[in-house]
file entry-v2.pdb (PDB, C-alpha atoms, pLDDT in the B column)
ATOM      1  CA  MET A  20      29.597  -0.639 -17.300  1.00 50.00           C
ATOM      2  CA  ARG A  21      27.782  -0.360 -13.981  1.00 59.00           C
ATOM      3  CA  SER A  22      29.219  -2.540 -11.241  1.00 79.00           C
ATOM      4  CA  LYS A  23      26.132  -2.405  -9.008  1.00 89.00           C
ATOM      5  CA  PRO A  24      22.424  -2.925  -9.702  1.00 92.00           C
ATOM      6  CA  THR A  25      20.497   0.339  -9.923  1.00 94.00           C
ATOM      7  CA  LEU A  26      17.608   1.139  -7.599  1.00 94.00           C
ATOM      8  CA  ALA A  27      15.098   3.927  -8.257  1.00 96.00           C
ATOM      9  CA  VAL A  28      12.375   5.085  -5.860  1.00 96.00           C
ATOM     10  CA  TRP A  29       9.413   6.973  -7.317  1.00 97.00           C
ATOM     11  CA  LYS A  30       6.444   8.860  -5.887  1.00 97.00           C
ATOM     12  CA  LEU A  31       2.940   9.295  -7.273  1.00 97.00           C
ATOM     13  CA  ALA A  32      -0.046  10.430  -5.137  1.00 95.00           C
ATOM     14  CA  SER A  33       0.902   9.559  -1.558  1.00 95.00           C
ATOM     15  CA  CYS A  34       2.020  10.865   1.831  1.00 94.00           C
ATOM     16  CA  ASP A  35       5.683   9.694   1.477  1.00 94.00           C
ATOM     17  CA  GLY A  36       5.311   7.354   4.470  1.00 94.00           C
ATOM     18  CA  CYS A  37       6.525   4.277   2.600  1.00 95.00           C
ATOM     19  CA  GLN A  38       9.601   6.078   1.295  1.00 94.00           C
ATOM     20  CA  LEU A  39      10.324   7.200   4.850  1.00 94.00           C
ATOM     21  CA  THR A  40      10.179   3.549   5.922  1.00 93.00           C
ATOM     22  CA  LEU A  41      13.178   2.926   3.688  1.00 91.00           C
ATOM     23  CA  LEU A  42      15.034   5.856   5.264  1.00 89.00           C
ATOM     24  CA  ASP A  43      14.057   4.591   8.739  1.00 89.00           C
ATOM     25  CA  CYS A  44      16.007   1.382   8.095  1.00 86.00           C
ATOM     26  CA  GLU A  45      19.036   3.357   9.386  1.00 78.00           C
ATOM     27  CA  ASP A  46      21.950   0.896   9.808  1.00 80.00           C
ATOM     28  CA  GLU A  47      20.508  -1.532   7.275  1.00 86.00           C
ATOM     29  CA  LEU A  48      20.154   1.327   4.787  1.00 79.00           C
ATOM     30  CA  LEU A  49      23.945   1.736   4.772  1.00 78.00           C
ATOM     31  CA  ALA A  50      24.293  -1.875   3.697  1.00 83.00           C
ATOM     32  CA  VAL A  51      21.624  -1.420   1.012  1.00 81.00           C
ATOM     33  CA  ALA A  52      23.295   1.751  -0.239  1.00 77.00           C
ATOM     34  CA  GLY A  53      26.586  -0.119  -0.441  1.00 85.00           C
ATOM     35  CA  ALA A  54      25.071  -2.942  -2.468  1.00 88.00           C
ATOM     36  CA  VAL A  55      23.153  -0.851  -5.024  1.00 89.00           C
ATOM     37  CA  GLU A  56      23.473   2.378  -6.920  1.00 90.00           C
ATOM     38  CA  ILE A  57      20.587   4.625  -5.890  1.00 91.00           C
ATOM     39  CA  ALA A  58      19.727   6.164  -9.229  1.00 94.00           C
ATOM     40  CA  HIS A  59      16.646   8.170  -8.266  1.00 94.00           C
ATOM     41  CA  PHE A  60      15.243   8.852  -4.793  1.00 94.00           C
ATOM     42  CA  THR A  61      14.049  12.452  -4.432  1.00 93.00           C
ATOM     43  CA  GLU A  62      13.173  11.972  -0.762  1.00 90.00           C
ATOM     44  CA  ALA A  63      16.816  11.229   0.018  1.00 87.00           C
ATOM     45  CA  SER A  64      18.993  12.738  -2.701  1.00 84.00           C
ATOM     46  CA  SER A  65      19.063  15.177  -5.609  1.00 86.00           C
ATOM     47  CA  ALA A  66      21.275  12.786  -7.590  1.00 82.00           C
ATOM     48  CA  GLU A  67      19.864  11.599 -10.914  1.00 89.00           C
ATOM     49  CA  VAL A  68      21.122   8.667 -12.953  1.00 90.00           C
ATOM     50  CA  GLU A  69      19.483   7.851 -16.250  1.00 90.00           C
ATOM     51  CA  GLY A  70      17.828   4.471 -16.703  1.00 88.00           C
ATOM     52  CA  PRO A  71      17.310   1.742 -17.414  1.00 95.00           C
ATOM     53  CA  TYR A  72      16.941   0.700 -13.772  1.00 96.00           C
ATOM     54  CA  ASP A  73      17.263  -2.806 -12.380  1.00 95.00           C
ATOM     55  CA  VAL A  74      14.579  -2.225  -9.737  1.00 95.00           C
ATOM     56  CA  SER A  75      12.033   0.566  -9.341  1.00 97.00           C
ATOM     57  CA  LEU A  76      10.044   0.982  -6.131  1.00 97.00           C
ATOM     58  CA  VAL A  77       6.871   2.998  -6.689  1.00 98.00           C
ATOM     59  CA  GLU A  78       4.886   4.644  -3.909  1.00 98.00           C
ATOM     60  CA  GLY A  79       1.498   6.243  -4.541  1.00 97.00           C
ATOM     61  CA  SER A  80      -1.634   5.798  -6.620  1.00 97.00           C
ATOM     62  CA  VAL A  81      -2.583   7.045 -10.065  1.00 97.00           C
ATOM     63  CA  THR A  82      -4.820  10.090  -9.568  1.00 96.00           C
ATOM     64  CA  THR A  83      -3.978  12.311 -12.549  1.00 96.00           C
ATOM     65  CA  GLU A  84      -3.310  11.934 -16.257  1.00 96.00           C
ATOM     66  CA  ARG A  85       0.330  12.821 -15.532  1.00 96.00           C
ATOM     67  CA  ASP A  86       0.546   9.937 -13.036  1.00 97.00           C
ATOM     68  CA  ALA A  87      -0.730   7.561 -15.704  1.00 97.00           C
ATOM     69  CA  ARG A  88       1.892   8.764 -18.181  1.00 97.00           C
ATOM     70  CA  ARG A  89       4.685   8.615 -15.606  1.00 97.00           C
ATOM     71  CA  ILE A  90       3.990   5.037 -14.566  1.00 98.00           C
ATOM     72  CA  THR A  91       4.170   3.941 -18.196  1.00 97.00           C
ATOM     73  CA  GLU A  92       7.524   5.689 -18.534  1.00 97.00           C
ATOM     74  CA  ILE A  93       8.815   4.181 -15.264  1.00 98.00           C
ATOM     75  CA  ARG A  94       7.712   0.703 -16.313  1.00 98.00           C
ATOM     76  CA  ALA A  95       9.476   1.037 -19.665  1.00 98.00           C
ATOM     77  CA  ALA A  96      12.711   2.067 -17.911  1.00 97.00           C
ATOM     78  CA  SER A  97      12.642  -0.661 -15.230  1.00 97.00           C
ATOM     79  CA  ARG A  98      13.629  -4.312 -15.367  1.00 96.00           C
ATOM     80  CA  MET A  99      11.548  -4.954 -12.246  1.00 96.00           C
ATOM     81  CA  LEU A 100       8.769  -2.733 -10.918  1.00 97.00           C
ATOM     82  CA  VAL A 101       7.633  -3.120  -7.305  1.00 97.00           C
ATOM     83  CA  THR A 102       4.729  -1.198  -5.820  1.00 98.00           C
ATOM     84  CA  ILE A 103       5.038  -0.298  -2.135  1.00 97.00           C
ATOM     85  CA  GLY A 104       2.206   0.651   0.194  1.00 97.00           C
ATOM     86  CA  ALA A 105      -1.596   0.774   0.148  1.00 96.00           C
ATOM     87  CA  CYS A 106      -1.732   3.699  -2.293  1.00 97.00           C
ATOM     88  CA  ALA A 107       0.324   1.941  -4.964  1.00 97.00           C
ATOM     89  CA  THR A 108      -1.256  -1.492  -4.431  1.00 96.00           C
ATOM     90  CA  SER A 109      -4.932  -0.567  -3.948  1.00 94.00           C
ATOM     91  CA  GLY A 110      -5.434   3.159  -4.531  1.00 95.00           C
ATOM     92  CA  GLY A 111      -5.012   4.120  -0.871  1.00 95.00           C
ATOM     93  CA  ILE A 112      -7.169   6.305   1.327  1.00 92.00           C
ATOM     94  CA  GLN A 113      -7.625   8.705  -1.599  1.00 93.00           C
ATOM     95  CA  ALA A 114      -9.532   5.941  -3.414  1.00 94.00           C
ATOM     96  CA  LEU A 115     -12.523   6.836  -1.241  1.00 91.00           C
ATOM     97  CA  ARG A 116     -13.201   9.284  -4.078  1.00 91.00           C
ATOM     98  CA  ASN A 117     -14.097   6.256  -6.193  1.00 91.00           C
ATOM     99  CA  PHE A 118     -17.385   5.958  -4.318  1.00 88.00           C
ATOM    100  CA  ALA A 119     -18.393   9.614  -4.608  1.00 89.00           C
ATOM    101  CA  ASP A 120     -18.613  12.572  -6.993  1.00 92.00           C
ATOM    102  CA  VAL A 121     -15.177  14.183  -7.312  1.00 91.00           C
ATOM    103  CA  ALA A 122     -16.594  17.195  -9.169  1.00 90.00           C
ATOM    104  CA  GLU A 123     -18.848  17.895  -6.210  1.00 92.00           C
ATOM    105  CA  PHE A 124     -15.931  17.599  -3.779  1.00 88.00           C
ATOM    106  CA  THR A 125     -13.753  20.025  -5.708  1.00 90.00           C
ATOM    107  CA  SER A 126     -16.571  22.545  -6.063  1.00 92.00           C
ATOM    108  CA  VAL A 127     -17.020  22.593  -2.283  1.00 91.00           C
ATOM    109  CA  VAL A 128     -13.363  22.497  -1.199  1.00 91.00           C
ATOM    110  CA  TYR A 129     -11.639  24.757  -3.749  1.00 92.00           C
ATOM    111  CA  ALA A 130     -12.390  28.395  -4.512  1.00 93.00           C
ATOM    112  CA  ARG A 131     -11.330  27.868  -8.158  1.00 94.00           C
ATOM    113  CA  PRO A 132     -12.126  24.218  -8.935  1.00 91.00           C
ATOM    114  CA  GLU A 133     -11.437  24.810 -12.632  1.00 91.00           C
ATOM    115  CA  PHE A 134      -7.716  24.830 -11.775  1.00 93.00           C
ATOM    116  CA  ILE A 135      -7.875  21.317 -10.291  1.00 90.00           C
ATOM    117  CA  SER A 136      -6.772  18.631 -12.719  1.00 91.00           C
ATOM    118  CA  THR A 137      -7.574  15.172 -11.395  1.00 93.00           C
ATOM    119  CA  LEU A 138      -9.070  11.858 -12.409  1.00 94.00           C
ATOM    120  CA  ALA A 139     -12.424  10.767 -11.033  1.00 92.00           C
ATOM    121  CA  THR A 140     -10.745   7.749  -9.445  1.00 94.00           C
ATOM    122  CA  SER A 141      -7.597   6.809  -7.543  1.00 95.00           C
ATOM    123  CA  THR A 142      -6.292   3.488  -8.811  1.00 95.00           C
ATOM    124  CA  PRO A 143      -3.391   1.124  -8.078  1.00 95.00           C
ATOM    125  CA  VAL A 144      -0.393   1.026 -10.376  1.00 97.00           C
ATOM    126  CA  ALA A 145      -1.271  -2.506 -11.491  1.00 96.00           C
ATOM    127  CA  ASP A 146      -4.421  -1.145 -13.156  1.00 95.00           C
ATOM    128  CA  HIS A 147      -2.181   0.747 -15.593  1.00 96.00           C
ATOM    129  CA  ASP A 148       0.875  -1.415 -16.236  1.00 97.00           C
ATOM    130  CA  LYS A 149       2.609  -4.653 -15.316  1.00 97.00           C
ATOM    131  CA  VAL A 150       3.827  -4.936 -11.717  1.00 97.00           C
ATOM    132  CA  ASP A 151       6.351  -7.608 -10.710  1.00 96.00           C
ATOM    133  CA  PHE A 152       5.705  -7.563  -6.958  1.00 96.00           C
ATOM    134  CA  GLU A 153       3.432  -5.776  -4.469  1.00 95.00           C
ATOM    135  CA  LEU A 154       4.510  -4.873  -0.939  1.00 96.00           C
ATOM    136  CA  ARG A 155       1.470  -4.067   1.193  1.00 95.00           C
ATOM    137  CA  GLY A 156       0.980  -1.777   4.175  1.00 95.00           C
ATOM    138  CA  CYS A 157       0.068   1.717   5.286  1.00 95.00           C
ATOM    139  CA  PRO A 158       2.937   2.241   5.684  1.00 94.00           C
ATOM    140  CA  ILE A 159       4.958  -0.789   4.617  1.00 96.00           C
ATOM    141  CA  ASP A 160       6.857  -2.781   7.237  1.00 94.00           C
ATOM    142  CA  ARG A 161      10.631  -2.211   7.343  1.00 92.00           C
ATOM    143  CA  ARG A 162      11.353  -5.918   7.876  1.00 92.00           C
ATOM    144  CA  GLN A 163       9.393  -6.856   4.781  1.00 94.00           C
ATOM    145  CA  LEU A 164      11.058  -4.067   2.821  1.00 94.00           C
ATOM    146  CA  LEU A 165      14.540  -5.282   3.759  1.00 93.00           C
ATOM    147  CA  GLU A 166      13.570  -8.859   2.897  1.00 94.00           C
ATOM    148  CA  LEU A 167      12.285  -7.667  -0.471  1.00 94.00           C
ATOM    149  CA  ILE A 168      15.453  -5.743  -1.341  1.00 91.00           C
ATOM    150  CA  THR A 169      17.695  -8.583  -0.108  1.00 91.00           C
ATOM    151  CA  ALA A 170      15.760 -11.120  -2.169  1.00 93.00           C
ATOM    152  CA  LEU A 171      15.896  -8.989  -5.300  1.00 89.00           C
ATOM    153  CA  LEU A 172      19.657  -8.526  -4.925  1.00 86.00           C
ATOM    154  CA  ALA A 173      20.102 -12.276  -4.419  1.00 87.00           C
ATOM    155  CA  GLY A 174      17.861 -13.140  -7.355  1.00 88.00           C
ATOM    156  CA  ARG A 175      15.378 -15.141  -5.276  1.00 91.00           C
ATOM    157  CA  LYS A 176      11.670 -14.877  -4.522  1.00 91.00           C
ATOM    158  CA  PRO A 177      10.902 -12.592  -1.536  1.00 93.00           C
ATOM    159  CA  GLY A 178       9.760 -14.460   1.557  1.00 92.00           C
ATOM    160  CA  ILE A 179       6.741 -12.258   2.270  1.00 93.00           C
ATOM    161  CA  SER A 180       3.961 -13.942   4.239  1.00 87.00           C
ATOM    162  CA  ARG A 181       0.450 -14.036   2.791  1.00 90.00           C
ATOM    163  CA  HIS A 182      -1.439 -15.371   5.811  1.00 94.00           C
ATOM    164  CA  SER A 183      -3.833 -13.332   7.950  1.00 96.00           C
ATOM    165  CA  VAL A 184      -3.153 -11.147  10.980  1.00 97.00           C
ATOM    166  CA  CYS A 185      -4.810 -13.839  13.115  1.00 97.00           C
ATOM    167  CA  HIS A 186      -1.795 -16.057  12.423  1.00 95.00           C
ATOM    168  CA  GLU A 187       0.523 -13.334  13.725  1.00 96.00           C
ATOM    169  CA  CYS A 188      -1.586 -12.974  16.871  1.00 97.00           C
ATOM    170  CA  LYS A 189      -1.120 -16.673  17.554  1.00 95.00           C
ATOM    171  CA  LEU A 190       2.633 -16.473  16.904  1.00 94.00           C
ATOM    172  CA  ARG A 191       3.069 -13.740  19.524  1.00 94.00           C
ATOM    173  CA  GLY A 192       0.603 -15.316  21.979  1.00 96.00           C
ATOM    174  CA  THR A 193      -1.995 -12.563  21.737  1.00 96.00           C
ATOM    175  CA  SER A 194      -5.535 -13.476  22.721  1.00 95.00           C
ATOM    176  CA  CYS A 195      -8.206 -12.797  20.093  1.00 96.00           C
ATOM    177  CA  VAL A 196      -9.608  -9.356  20.921  1.00 96.00           C
ATOM    178  CA  MET A 197     -12.986 -10.273  19.435  1.00 95.00           C
ATOM    179  CA  VAL A 198     -13.316 -13.397  21.577  1.00 94.00           C
ATOM    180  CA  ALA A 199     -11.717 -12.029  24.755  1.00 94.00           C
ATOM    181  CA  HIS A 200     -13.041  -8.470  24.752  1.00 93.00           C
ATOM    182  CA  GLY A 201     -15.723  -8.229  22.052  1.00 93.00           C
ATOM    183  CA  THR A 202     -13.572  -5.721  20.138  1.00 94.00           C
ATOM    184  CA  PRO A 203     -14.301  -5.443  16.390  1.00 93.00           C
ATOM    185  CA  CYS A 204     -11.235  -6.547  14.409  1.00 95.00           C
ATOM    186  CA  LEU A 205     -10.367  -6.956  10.719  1.00 95.00           C
ATOM    187  CA  GLY A 206      -7.587  -9.442  11.461  1.00 96.00           C
ATOM    188  CA  PRO A 207      -9.353 -12.484   9.929  1.00 96.00           C
ATOM    189  CA  VAL A 208      -9.514 -10.867   6.474  1.00 95.00           C
ATOM    190  CA  THR A 209      -6.311  -8.770   6.592  1.00 96.00           C
ATOM    191  CA  GLN A 210      -2.918  -9.857   5.280  1.00 95.00           C
ATOM    192  CA  ALA A 211      -0.158 -10.129   7.862  1.00 94.00           C
ATOM    193  CA  GLY A 212       2.879  -7.880   7.870  1.00 93.00           C
ATOM    194  CA  CYS A 213       2.712  -5.510  10.833  1.00 92.00           C
ATOM    195  CA  GLY A 214       3.328  -8.121  13.521  1.00 93.00           C
ATOM    196  CA  ALA A 215      -0.249  -7.758  14.811  1.00 95.00           C
ATOM    197  CA  ILE A 216       0.596  -4.529  16.617  1.00 95.00           C
ATOM    198  CA  CYS A 217      -2.935  -3.319  17.304  1.00 96.00           C
ATOM    199  CA  PRO A 218      -4.315  -6.577  18.764  1.00 97.00           C
ATOM    200  CA  ALA A 219      -1.205  -6.786  20.968  1.00 96.00           C
ATOM    201  CA  PHE A 220      -2.429  -3.563  22.602  1.00 96.00           C
ATOM    202  CA  SER A 221      -6.040  -4.804  22.856  1.00 94.00           C
ATOM    203  CA  ARG A 222      -7.180  -2.895  19.781  1.00 95.00           C
ATOM    204  CA  GLY A 223      -8.808  -4.327  16.716  1.00 95.00           C
ATOM    205  CA  CYS A 224      -6.928  -4.576  13.408  1.00 96.00           C
ATOM    206  CA  TYR A 225      -7.700  -1.676  11.044  1.00 92.00           C
ATOM    207  CA  GLY A 226      -6.782  -3.539   7.857  1.00 94.00           C
ATOM    208  CA  CYS A 227      -3.672  -1.512   6.986  1.00 94.00           C
ATOM    209  CA  PHE A 228      -2.092  -4.331   4.932  1.00 96.00           C
ATOM    210  CA  GLY A 229      -5.152  -4.973   2.801  1.00 94.00           C
ATOM    211  CA  PRO A 230      -7.179  -8.133   2.342  1.00 93.00           C
ATOM    212  CA  VAL A 231      -5.893 -11.678   2.159  1.00 93.00           C
ATOM    213  CA  ALA A 232      -6.307 -13.427  -1.185  1.00 89.00           C
ATOM    214  CA  SER A 233      -9.862 -14.647  -0.528  1.00 87.00           C
ATOM    215  CA  PRO A 234     -11.305 -12.633   2.372  1.00 90.00           C
ATOM    216  CA  ASN A 235     -14.494 -14.051   3.896  1.00 91.00           C
ATOM    217  CA  VAL A 236     -16.042 -10.627   4.382  1.00 90.00           C
ATOM    218  CA  ALA A 237     -19.560 -12.033   4.781  1.00 89.00           C
ATOM    219  CA  ALA A 238     -18.580 -14.189   7.773  1.00 93.00           C
ATOM    220  CA  LEU A 239     -16.669 -11.357   9.446  1.00 93.00           C
ATOM    221  CA  THR A 240     -19.512  -8.924   8.813  1.00 91.00           C
ATOM    222  CA  ALA A 241     -21.911 -11.288  10.568  1.00 93.00           C
ATOM    223  CA  GLN A 242     -19.551 -11.473  13.554  1.00 94.00           C
ATOM    224  CA  LEU A 243     -19.207  -7.687  13.689  1.00 94.00           C
ATOM    225  CA  ARG A 244     -22.984  -7.358  13.725  1.00 93.00           C
ATOM    226  CA  LEU A 245     -23.119  -9.806  16.648  1.00 94.00           C
ATOM    227  CA  LEU A 246     -20.688  -7.513  18.470  1.00 93.00           C
ATOM    228  CA  GLY A 247     -23.206  -4.682  18.160  1.00 92.00           C
ATOM    229  CA  MET A 248     -22.073  -2.810  15.062  1.00 92.00           C
ATOM    230  CA  THR A 249     -24.768  -1.365  12.809  1.00 92.00           C
ATOM    231  CA  GLU A 250     -24.934  -2.069   9.080  1.00 89.00           C
ATOM    232  CA  LYS A 251     -23.501   1.398   8.378  1.00 90.00           C
ATOM    233  CA  GLU A 252     -20.673   0.857  10.860  1.00 90.00           C
ATOM    234  CA  THR A 253     -19.722  -2.509   9.371  1.00 88.00           C
ATOM    235  CA  GLU A 254     -19.677  -0.983   5.895  1.00 85.00           C
ATOM    236  CA  ARG A 255     -17.405   1.850   7.028  1.00 87.00           C
ATOM    237  CA  VAL A 256     -14.949  -0.458   8.791  1.00 87.00           C
ATOM    238  CA  PHE A 257     -13.993  -1.927   5.393  1.00 87.00           C
ATOM    239  CA  THR A 258     -13.827   1.473   3.715  1.00 87.00           C
ATOM    240  CA  THR A 259     -10.433   2.797   4.799  1.00 88.00           C
ATOM    241  CA  PHE A 260      -6.841   2.327   3.610  1.00 89.00           C
ATOM    242  CA  ASN A 261      -7.571  -0.398   1.060  1.00 92.00           C
ATOM    243  CA  ALA A 262     -11.205   0.292   0.204  1.00 86.00           C
ATOM    244  CA  ALA A 263     -10.640  -0.019  -3.542  1.00 87.00           C
ATOM    245  CA  SER A 264      -8.635  -3.252  -3.449  1.00 85.00           C
ATOM    246  CA  PRO A 265     -10.167  -5.759  -5.891  1.00 76.00           C
ATOM    247  CA  ALA A 266     -10.807  -8.407  -3.210  1.00 75.00           C
ATOM    248  CA  LEU A 267     -12.784  -6.036  -0.963  1.00 77.00           C
ATOM    249  CA  THR A 268     -14.625  -4.477  -3.886  1.00 72.00           C
ATOM    250  CA  GLU A 269     -15.743  -7.884  -5.109  1.00 65.00           C
ATOM    251  CA  ALA A 270     -16.658  -8.995  -1.576  1.00 59.00           C
ATOM    252  CA  ARG A 271     -18.879  -5.942  -1.117  1.00 61.00           C
ATOM    253  CA  ARG A 272     -20.715  -6.790  -4.333  1.00 59.00           C
ATOM    254  CA  THR A 273     -21.412 -10.365  -3.306  1.00 55.00           C
ATOM    255  CA  LYS A 274     -21.918 -10.224   0.462  1.00 53.00           C
TER     256      LYS A 274
END

call {"tool": "encode", "arguments": {"input": "entry-v2.pdb", "output": "structure tokens"}}
result
Amino acid sequence: MRSKPTLAVWKLASCDGCQLTLLDCEDELLAVAGAVEIAHFTEASSAEVEGPYDVSLVEGSVTTERDARRITEIRAASRMLVTIGACATSGGIQALRNFADVAEFTSVVYARPEFISTLATSTPVADHDKVDFELRGCPIDRRQLLELITALLAGRKPGISRHSVCHECKLRGTSCVMVAHGTPCLGPVTQAGCGAICPAFSRGCYGCFGPVASPNVAALTAQLRLLGMTEKETERVFTTFNAASPALTEARRTK
């Protein structure tokens, strides 16, 4: 009988940045490794332990038929499945394909496009199977990741904030870059998690952590237009890391 809970880390279509965040935990990682049995984590080890797994962390979006099959298999082998990062929670930057013709892209980019096997869309894991918790970010924040793992080990609900980046700006005493400098910023509609890094350096938020639960995109769009952005520019500012997230997709339809 296993004496420790098993943790598996999986990769679909992604850049590996969220997995690297776990490795970047350094000293804390030693404590995590001592509290769990790492059953699968290709980025860190060649060791393989068969499931079932107590917790599976999944990075990356579903972009191929194989991805879709794998996530079903991972879900079936996992007591809890947690998606980490913008790719796994909203389709990621590769979800920009969802608004264009993938066949046209492949015909232009690849000399032999017939060898490319891909879906027409990049979708979050939750579109394909049940997800127990989503950890946002591009990449995820190490503090939130450690809180998540600690909470799961303790059997409690993770204390992950769901307020906007504006709240974090106020907590660290950062003046609103839109009010003070006229800098376009997605902070009002973006979920907190990064510590408001960009506004702290007088730059607007890029929306790395995805939208809050009910983003008022129409109001922010009006403000961005007042700051001098064109209609095309305001459309593009929402079309980045989390372009395919349900909240932003719905907001674009109704704004």

call {"tool": "resolve_selection", "arguments": {"input": "entry-v2.pdb", "expression": "the PyMOL selection byres ((chain A and resi 243-250) around 12)", "output": "PyMOL selection string"}}
result
chain A and resi 196-207+223+236-242+251-257

call {"tool": "resolve_selection", "arguments": {"input": "entry-v2.pdb", "expression": "the PyMOL selection byres ((chain A and resi 230) around 7)", "output": "PyMOL selection string"}}
result
chain A and resi 208-210+228-229+231-232+234+266-267

call {"tool": "resolve_selection", "arguments": {"input": "entry-v2.pdb", "expression": "the PyMOL selection byres ((chain A and resi 30-45) around 9)", "output": "count of residues only"}}
result
37

call {"tool": "residues_near_point", "arguments": {"input": "entry-v2.pdb", "point": "(6.3, -8.3, -12.8)", "cutoff": "10 Å", "atoms": "all atoms listed in the file", "output": "VMD selection string"}}
result
chain A and resid 94 98 to 101 145 148 to 153

call {"tool": "closest_residue", "arguments": {"input": "entry-v2.pdb", "among": "A:Tyr129, A:Glu84, A:Glu67, A:Leu172", "to": "Ala52 in chain A", "atoms": "all atoms listed in the file"}}
result
A:Leu172

call {"tool": "residues_around", "arguments": {"input": "entry-v2.pdb", "residues": "Glu69 in chain A", "least_positions_apart": "4", "cutoff": "10 Å", "atoms": "all atoms listed in the file", "output": "PyMOL selection string"}}
result
chain A and resi 25+27+58-59+96

call {"tool": "atom_distance", "arguments": {"input": "entry-v2.pdb", "atom1": "CA of Arg222 in chain A", "atom2": "CA of Cys195 in chain A"}}
result
10.0 Å

call {"tool": "atom_distance", "arguments": {"input": "entry-v2.pdb", "atom1": "CA of Gly226 in chain A", "atom2": "CA of Ile179 in chain A"}}
result
17.0 Å

call {"tool": "closest_residue", "arguments": {"input": "entry-v2.pdb", "among": "A:Ser65, A:Ala114, A:Ala215, A:Pro265", "to": "Lys189 in chain A", "atoms": "all atoms listed in the file"}}
result
A:Ala215

call {"tool": "closest_residue", "arguments": {"input": "entry-v2.pdb", "among": "A:Arg131, A:Arg175, A:Arg116, A:Arg181", "to": "Ala263 in chain A", "atoms": "only C-alpha atoms"}}
result
A:Arg116

call {"tool": "closest_residue", "arguments": {"input": "entry-v2.pdb", "among": "A:Ala87, A:Cys227, A:Val74, A:Ala211", "to": "Thr142 in chain A", "atoms": "all atoms listed in the file"}}
result
A:Ala87

call {"tool": "build_atoms", "arguments": {"input": "entry-v2.pdb", "residues": "range 125-138 of chain A", "atoms": "N, CA and C atoms", "output": "compact mmCIF listing (two decimals), in the frame of the given file"}}
result
# COMPACT_ATOMS: atom_id res chain seq x y z
N THR A 125 -14.61 18.90 -5.33
CA THR A 125 -13.75 20.02 -5.71
C THR A 125 -14.51 21.35 -5.71
N SER A 126 -15.79 21.31 -6.05
CA SER A 126 -16.57 22.54 -6.06
C SER A 126 -16.79 23.09 -4.66
N VAL A 127 -16.80 22.19 -3.68
CA VAL A 127 -17.02 22.59 -2.28
C VAL A 127 -15.71 23.01 -1.61
N VAL A 128 -14.63 22.29 -1.90
CA VAL A 128 -13.36 22.50 -1.20
C VAL A 128 -12.55 23.65 -1.77
N TYR A 129 -12.53 23.80 -3.11
CA TYR A 129 -11.64 24.76 -3.75
C TYR A 129 -12.39 25.98 -4.27
N ALA A 130 -11.79 27.15 -4.05
CA ALA A 130 -12.39 28.40 -4.51
C ALA A 130 -12.42 28.46 -6.04
N ARG A 131 -11.40 27.88 -6.69
CA ARG A 131 -11.33 27.87 -8.16
C ARG A 131 -11.17 26.43 -8.64
N PRO A 132 -12.23 25.64 -8.57
CA PRO A 132 -12.13 24.22 -8.94
C PRO A 132 -11.70 23.98 -10.37
N GLU A 133 -11.84 24.99 -11.23
CA GLU A 133 -11.44 24.81 -12.63
C GLU A 133 -9.93 24.63 -12.78
N PHE A 134 -9.16 25.01 -11.74
CA PHE A 134 -7.72 24.83 -11.78
C PHE A 134 -7.27 23.44 -11.30
N ILE A 135 -8.20 22.64 -10.81
CA ILE A 135 -7.88 21.32 -10.29
C ILE A 135 -7.95 20.29 -11.42
N SER A 136 -6.83 19.65 -11.68
CA SER A 136 -6.77 18.63 -12.72
C SER A 136 -6.59 17.26 -12.06
N THR A 137 -7.63 16.47 -12.06
CA THR A 137 -7.57 15.17 -11.40
C THR A 137 -8.50 14.18 -12.08
N LEU A 138 -8.20 12.91 -11.91
CA LEU A 138 -9.07 11.86 -12.41
C LEU A 138 -10.22 11.64 -11.44
